[in-house]
Structure formats: structure tokens, C-alpha cells
Amino acid sequence: MRVLLVGGGGREHAIAEAIARSKREPQLYVAMSKKNPGIARLCKEFLLIKETDRAIVEFAVKNKIELAVIGPETPLAAGIPDALWDADIPVVGPRRLAAQIEFDKAWTRNFMKKYDIAGLPAFKVFRKGESGTDEYIDELGDVVIKPAGLTGGKGVKVMGDHFDIEGAKVYSREVLKNDDLVIEERLIGEEFTVQAFVDGSFLAFAPAVQDHKRAFDGDMGPNTGGMGSYNDAKDILPFMRESDYTGAKKIMGEAVMAIRKETGVPYQGILYGQFMATAKGISVIEFNARFGDPEAMNVIPLIENDFLDVCLAVVNGTLGKTKVTFKKQATVCKYAVPEGYPDDPVKDAVIEIGSAGDARVFYSSVYEKDGKVFTTGSRAIAVLGTADTIQDAAKIAQDGLSALKGRLYSRRDIGTEELIRKRIRHMEELRA
Ligand code: AMP
Ligand code: GLY
């Protein structure tokens with residue numbers, strides 16, 4: 001089977017491996033912006049191209065692609081799936097109208113309200129140039145400020161973490177010069193992610209995962225794209241209640257049905273729900289229209305089905321008949337990132353990757369030149385430990401990190417017993 005993958009990060013390396021393991025004799029073609037050495041090794045041919053470039057469709061047609069899988073959000077926002085479907089190539093990745101759920105946060109909050117989807121925090125949308133933000137910030141008191149468009153995870157600012165009430169007002173006015181804006185109530189609790197394959201109406205859910213946004217141990221330092229993530233050997237995380245997971249699944253299912261009603265387009269691809277478990281139950285932080293990075297690396301290797309069978313069920317609308325199952329194992333994924341990341345990262349530094357022992361290695365934002373691997377300034381290499389317990393998986397990942405040489409750093413605490421206990425205590429305190 002001739003398959004196109006769009007994207008060249010750690011998430012896409014995990015997807016490429018899953019495709020390569022298929023029994024459907026996969027011939028993998030990849031469109032990526034830089035030569036990811038892990039992916040390049042697994043594919044028959046790759047094209048170095050911006051992931052939003054329509055020439056990707058010509059590349060697919062020329063190579064008689066039978067199925068396309070989109071990794072990142074930017075091609076979704078650019079309508080690459082629409083153009084591929086128009087060329088009769090089925091796509092795992094929602095069409096532009098359906099992908100709005102990720103790339104327009106103002107649209108999504110209004111959509112949740114219109115369809116009465118649970119987990120909606122207090123919010124207000126302000127259109128570019130509009131006034132009245134100071135009054136709303138005073139009214140809510142504790143706020144999060146979100147530019148409506150895609151900002152690569154860097155646009156959202158949280159009171160307490162990033163600014164005080166005056167700072168929130170200044171930032172709101174600044175964003176409104178160029179973009180629409182959502183101001184919403186700050187939620188307090190523990191975050192978790194649920195990812196699902198979606199075929200237009202049916203959802204096949206992966207186990208819950210928790211990412212770690214902050215750069216340094218103890219959840220200190222600036223927000224990043226995600227320093228690492230873990231899941232347990234069951235569907236829920238140690239701090240979660242079963243009802244948090246079932247509630248999240250229900251919300252995602254309702255969102256999928258409502259998207260079809262609102263846009264006329266079936267949602268076919270991956271839906272990522274990010275939730276906050278709070279004292280009052282779960283709330284939706286955001287939806288993404290793709291796998292998370294790093295969260296993809298936790299769950300994709302656990303899929304027991306042939307990955308391409310699942311992808312075909314997504315595009316054919318037959319997911320309800322395909323039982324998608326995940327191995328009951330814990331995983332811990334840790335990113336090694338360039339020194340100085342995210343604010344002032346070391347770029348174009350050589351790194352060496354030795355034997356990672358029992359850990360699996362995923363290449364992310366690195367490129368290969370003259371047989372050597374270099375950093376780009378973004379998250380470089382992910383290592384994944386898999387075991388029966390989170391702590392054992394964390395040890396394997398930590399040992400795996402020692403195989404990396406170069407100007408990199410990572411978090412030691414992800415998946416450790418101490419941090420897991422802290423998350424449990426936090427939820428117990430909130431629920432008390
Ligand atoms: P997003 O880009 O929407 O994922 O937001 C980035 C981060 O901001 C999230 O991972 C949360 O940690 C935080 N965040 C977003 N919305 C809220 C909210 N309403 N309350 C508290 N934290 C939030
Ligand atoms: N790890 C967060 C994301 O992929 O959006």
C-alpha cells in the first residue's frame with residue numbers, strides 16, 4: 001500500500017514506525033520540512049517541503065498514493081486534506097472546516113456554547129480591534145488570555161504564571177491589534193489528554209496521557225511544547241477518577257457529532273482533547289485536530305491493531321466495526337531539548353545518539369547533514385520507556401537519555417514516584 005505521511009517531528013517518527021510495521025506492505029512517502037533521519041530511514045522517498053505547500057498534493061498524485069496521514073496542525077489549517085480528498089486520496093486528518101476546532105479558539109468556544117457541550121469555562125470572545133477587555137478581566141478576576149489563532153503553543157498566557165491583572169490587560173490589548181482573542185476563567189487542577197481515532201461519527205479512544213509543559217524539574221520555568229508525558233497500564237492516570245475519563249470521552253463524542261452539524265463536514269482523523277480535572281469535575285482546555293507531541297509517542301506504540309487497518313477504518317467510516325485495542329502497559333516519554341530551550345536555544349549543534357538500551361528513540365526537530373545529526377532549536381530527541389509501572393518506564397527512559405551526547409537537557413522528574421504522588425495529592429486537596 002502506498003502511503004503519504006506529512007510532517008517530520010517526533011510524533012511523525014512514531015507514526016512512520018507504526019506504518020512501517022503494517023502487514024499491508026507499506027511503501028511510505030513523506031513530505032517534511034527538514035530531513036528527519038529516523039523517518040528518512042523508514043521511507044521509500046521523501047520530499048523536503050513546507051508542510052503547508054500545495055505541491056504536496058502533486059507529490060502524492062505522482063506517487064499514486066492510496067492513503068495520506070497528516071501529523072501536525074499547520075497542513076490541516078492550510079486545507080491540505082481538502083486538496084488531497086479532491087484528488088481522490090483519502091486522508092487521516094480533518095478537512096479545514098472541521099479542523100477549526102484546533103486553529104480557531106474563538107470559533108471553538110462559541111461552538112461549544114451553541115451545542116451545549118459540557119466542560120466549558122466562563123469565557124468571552126473579543127474581535128480584533130474591539131474594546132471592553134479590561135472590564136471582563138476585572139469581572140473574572142483570574143484569567144487566561146488566548147489569541148484565537150495558531151501560535152505554536154506560545155500565545156496562551158495564564159494569570160499567576162505569566163502576569164498579574166494589569167499585565168493581563170496589557171497583553172489583551174496587544175493581542176487584539178492583530179488577532180481575535182478569548183478571555184476565559186483560569187481553571188485549577190491537573191491536566192490530562194485523551195486522543196482518539198475518529199471516522200466521522202465513531203471514536204476509538206487511547207488511554208489518558210499527561211504532558212509536562214514547563215521546561216524544568218518541579219514544573220518550573222517557561223512553558224514549552226511539552227517536555228515529556230506518561231500513561232499508566234490502564235485507561236486512566238493515578239490522579240484521575242474513572243468518571244474523568246468517561247466524561248472526557250462523552251465530550252469528545254458530542255463534539256464530533258456537533259462538528260458535522262455545524263460545518264456539514266464529517267470529522268475524520270485524530271481528535272485530541274485536553275482537559276483539566278478540577279474540584280468541580282472536568283473542563284475542556286482545548287481541542288487539537290491531531291495527535292499530541294509528545295503524547296503520540298506514548299500511545300501509538302501501544303496499538304495492538306495493524307496501524308493501517310485503523311487508518312483505513314477512519315477514512316472508510318468503519319471504525320465502529322474495528323476493535324482498536326492498546327497494550328496495557330505504562331510508558332514514559334522524555335524529550336532532550338537544546339540548552340537554552342525554549343527562549344534562547346542552541347541551534348545547529350552536533351548531537352550523538354548511542355545505544356539507548358531498552359528505551360526507544362524518536363527523532364524530532366533535528367536534521368541530518370554529512371552523516372551527522374544537528375539540533376534546530378526545538379525539541380530534539382525523545383526517548384520512550386515501556387514497562388508495567390510508570391516508575392519502571394521512567395527509569396528506562398532516564399537510562400535511555402544517557403545515550404545522548406551534545407548540548408541538550410531534559411527533565412529528570414517526569415514519571416517519578418515523587419511527581420506522581422504530588423499530582424495525586426494535588427487532586428485530593430482540591431476535592432477535599
Ligand atoms: P493551549 O495552547 O490552549 O493548550 O494552552 C496552553 C496551556 O495553558 C495549557 O496547557 C494549560 O496549561 C494552560 N491553560 C489553557 N487554558 C487554561 C484555563 N482555562 N485555565 C488554566 N490553564 C489554562
Ligand atoms: N503536547 C501538546 C500538544 O501537542 O499540543
# chains A, B, ... in the order shown; residues from 1 in each chain; ligands from 1
>>> residues_around(residues="A:Tyr335", least_positions_apart="6", cutoff="7 Å", atoms="only C-alpha atoms", output="JSON, numbers by chain")
{"A": [227, 228, 379, 381, 382, 383, 410]}
>>> residues_near_ligand(ligand="ligand 2", cutoff="12 Å", atoms="only C-alpha atoms and all ligand atoms", output="PDB file with C-alpha atoms, in the first residue's frame")
ATOM      1  CA  GLY A   9       8.823  15.541  14.051  1.00  0.00           C
ATOM      2  CA  GLY A  10       8.858  13.038  16.912  1.00  0.00           C
ATOM      3  CA  ARG A  11       5.125  12.420  16.576  1.00  0.00           C
ATOM      4  CA  GLU A  12       5.583  11.662  12.875  1.00  0.00           C
ATOM      5  CA  GLY A  71       0.861  14.679  11.552  1.00  0.00           C
ATOM      6  CA  PRO A  72       0.935  18.381  12.501  1.00  0.00           C
ATOM      7  CA  GLU A  73      -1.735  21.103  12.637  1.00  0.00           C
ATOM      8  CA  GLU A 102      -7.954  23.485  16.789  1.00  0.00           C
ATOM      9  CA  PHE A 103      -6.933  26.548  14.839  1.00  0.00           C
ATOM     10  CA  LEU A 150      -2.359  29.080  15.972  1.00  0.00           C
ATOM     11  CA  THR A 151       0.635  30.300  17.964  1.00  0.00           C
ATOM     12  CA  GLY A 152       2.664  27.101  18.259  1.00  0.00           C
ATOM     13  CA  GLY A 153       1.647  26.783  21.920  1.00  0.00           C
ATOM     14  CA  LYS A 154       3.294  30.069  22.868  1.00  0.00           C
ATOM     15  CA  VAL A 156      -1.647  31.400  25.684  1.00  0.00           C
ATOM     16  CA  GLU A 191      -4.358  18.419  33.089  1.00  0.00           C
ATOM     17  CA  PHE A 192      -4.784  15.278  31.030  1.00  0.00           C
ATOM     18  CA  THR A 193      -5.050  14.430  27.352  1.00  0.00           C
ATOM     19  CA  VAL A 194      -7.342  11.952  25.613  1.00  0.00           C
ATOM     20  CA  GLN A 195      -6.660  11.130  21.957  1.00  0.00           C
ATOM     21  CA  VAL A 209      -1.788  10.798  28.977  1.00  0.00           C
ATOM     22  CA  GLN A 210      -0.305  13.690  30.946  1.00  0.00           C
ATOM     23  CA  ASP A 211       2.138  16.089  29.334  1.00  0.00           C
ATOM     24  CA  HIS A 212       4.598  18.364  31.187  1.00  0.00           C
ATOM     25  CA  LYS A 213       4.614  21.859  29.726  1.00  0.00           C
ATOM     26  CA  ARG A 214       7.217  23.520  31.947  1.00  0.00           C
ATOM     27  CA  ASN A 223       6.124  26.849  29.011  1.00  0.00           C
ATOM     28  CA  THR A 224       7.370  24.619  26.214  1.00  0.00           C
ATOM     29  CA  GLY A 225       5.856  22.431  23.510  1.00  0.00           C
ATOM     30  CA  GLY A 226       5.938  19.626  26.120  1.00  0.00           C
ATOM     31  CA  MET A 227       8.974  18.136  27.883  1.00  0.00           C
ATOM     32  CA  GLY A 228       7.589  14.650  28.351  1.00  0.00           C
ATOM     33  CA  SER A 229       4.490  12.624  29.067  1.00  0.00           C
ATOM     34  CA  TYR A 230       3.309   9.383  30.632  1.00  0.00           C
ATOM     35  CA  ILE A 270      -7.416  12.282  15.151  1.00  0.00           C
ATOM     36  CA  LEU A 271      -9.155  14.283  17.855  1.00  0.00           C
ATOM     37  CA  TYR A 272      -7.125  15.378  20.871  1.00  0.00           C
ATOM     38  CA  GLY A 273      -8.993  16.609  23.927  1.00  0.00           C
ATOM     39  CA  GLN A 274      -7.077  18.460  26.593  1.00  0.00           C
ATOM     40  CA  PHE A 275      -8.901  18.544  29.902  1.00  0.00           C
ATOM     41  CA  ILE A 285      -8.835  23.412  27.936  1.00  0.00           C
ATOM     42  CA  GLU A 286      -8.700  22.902  24.207  1.00  0.00           C
ATOM     43  CA  PHE A 287      -9.155  20.516  21.320  1.00  0.00           C
ATOM     44  CA  ASN A 288      -6.490  19.686  18.784  1.00  0.00           C
ATOM     45  CA  ALA A 289      -7.124  18.093  15.411  1.00  0.00           C
ATOM     46  CA  ARG A 290      -4.083  15.758  15.534  1.00  0.00           C
ATOM     47  CA  PHE A 291      -2.055  13.596  17.879  1.00  0.00           C
ATOM     48  CA  GLY A 292      -0.131  15.453  20.564  1.00  0.00           C
ATOM     49  CA  ASP A 293       3.616  15.692  20.537  1.00  0.00           C
ATOM     50  CA  PRO A 294       4.899  14.026  22.783  1.00  0.00           C
ATOM     51  CA  GLU A 295       1.597  12.266  23.628  1.00  0.00           C
ATOM     52  CA  ALA A 296       1.552  10.406  20.277  1.00  0.00           C
ATOM     53  CA  MET A 297       4.747   8.599  21.271  1.00  0.00           C
ATOM     54  CA  ASN A 298       3.088   7.180  24.390  1.00  0.00           C
ATOM     55  CA  CYS A 333       8.383   9.717  27.104  1.00  0.00           C
ATOM     56  CA  LYS A 334      11.086  12.292  27.783  1.00  0.00           C
ATOM     57  CA  TYR A 335      12.383  14.928  25.451  1.00  0.00           C
ATOM     58  CA  ARG A 379      12.781  19.718  20.957  1.00  0.00           C
TER      59      ARG A 379
END
>>> select_by_dssp(residues="stretch 74-138 of chain A", states="strand (DSSP E)", output="list in words")
Val91, Val92, Phe123, Lys124, Val125 and Phe126 of chain A
>>> atom_distance(atom1="atom CA of A:Pro342", atom2="atom 21 (C, counted along the ligand's line) of ligand 1")
20.5 Å
>>> atom_distance(atom1="atom CA of A:Pro121", atom2="atom 6 (C, counted along the ligand's line) of ligand 1")
14.5 Å
>>> closest_residue(among="A:Ala313, A:Met257, A:Val182, A:Val350", to="ligand 1", atoms="only C-alpha atoms and all ligand atoms")
A:Val182
>>> residues_around(residues="stretch 234-251 of chain A", least_positions_apart="5", cutoff="10 Å", atoms="only C-alpha atoms", output="VMD selection string")
chain A and resid 112 117 to 119 190 to 196 203 to 210 256 273 to 278 281 to 284 326 to 330 388 390 420 to 428
>>> write_last_selection(atoms="C-alpha atoms", output="compact mmCIF listing (two decimals), in the first residue's frame")
# COMPACT_ATOMS: atom_id res chain seq x y z
CA MET A 112 -19.20 24.52 22.49
CA ILE A 117 -21.07 20.75 25.15
CA ALA A 118 -20.03 20.13 28.76
CA GLY A 119 -16.76 21.37 30.29
CA GLU A 190 -4.48 18.61 36.86
CA GLU A 191 -4.36 18.42 33.09
CA PHE A 192 -4.78 15.28 31.03
CA THR A 193 -5.05 14.43 27.35
CA VAL A 194 -7.34 11.95 25.61
CA GLN A 195 -6.66 11.13 21.96
CA ALA A 196 -9.00 9.28 19.61
CA LEU A 203 -14.38 7.37 18.17
CA ALA A 204 -11.71 4.83 19.23
CA PHE A 205 -10.04 6.16 22.37
CA ALA A 206 -6.44 5.82 23.55
CA PRO A 207 -5.52 5.75 27.25
CA ALA A 208 -5.22 9.13 29.00
CA VAL A 209 -1.79 10.80 28.98
CA GLN A 210 -0.31 13.69 30.95
CA VAL A 256 -17.60 15.16 16.72
CA GLY A 273 -8.99 16.61 23.93
CA GLN A 274 -7.08 18.46 26.59
CA PHE A 275 -8.90 18.54 29.90
CA MET A 276 -8.46 19.92 33.39
CA ALA A 277 -9.62 17.73 36.25
CA THR A 278 -10.87 20.27 38.80
CA GLY A 281 -15.27 17.87 37.55
CA ILE A 282 -13.58 18.16 34.16
CA SER A 283 -13.29 21.18 31.90
CA VAL A 284 -12.08 21.45 28.32
CA PHE A 326 -3.97 -0.75 23.30
CA LYS A 327 -1.46 -2.85 25.25
CA LYS A 328 -2.00 -2.44 28.98
CA GLN A 329 1.42 -1.00 29.68
CA ALA A 330 2.77 2.20 31.19
CA ASP A 388 4.28 -2.50 33.73
CA ILE A 390 5.10 4.22 35.38
CA ILE A 420 3.08 11.13 40.53
CA ARG A 421 2.36 11.39 44.31
CA LYS A 422 2.37 15.17 44.06
CA ARG A 423 -0.28 15.05 41.31
CA ILE A 424 -2.45 12.69 43.39
CA ARG A 425 -2.10 14.91 46.48
CA HIS A 426 -2.99 17.99 44.44
CA MET A 427 -6.27 16.43 43.30
CA GLU A 428 -7.05 15.11 46.80
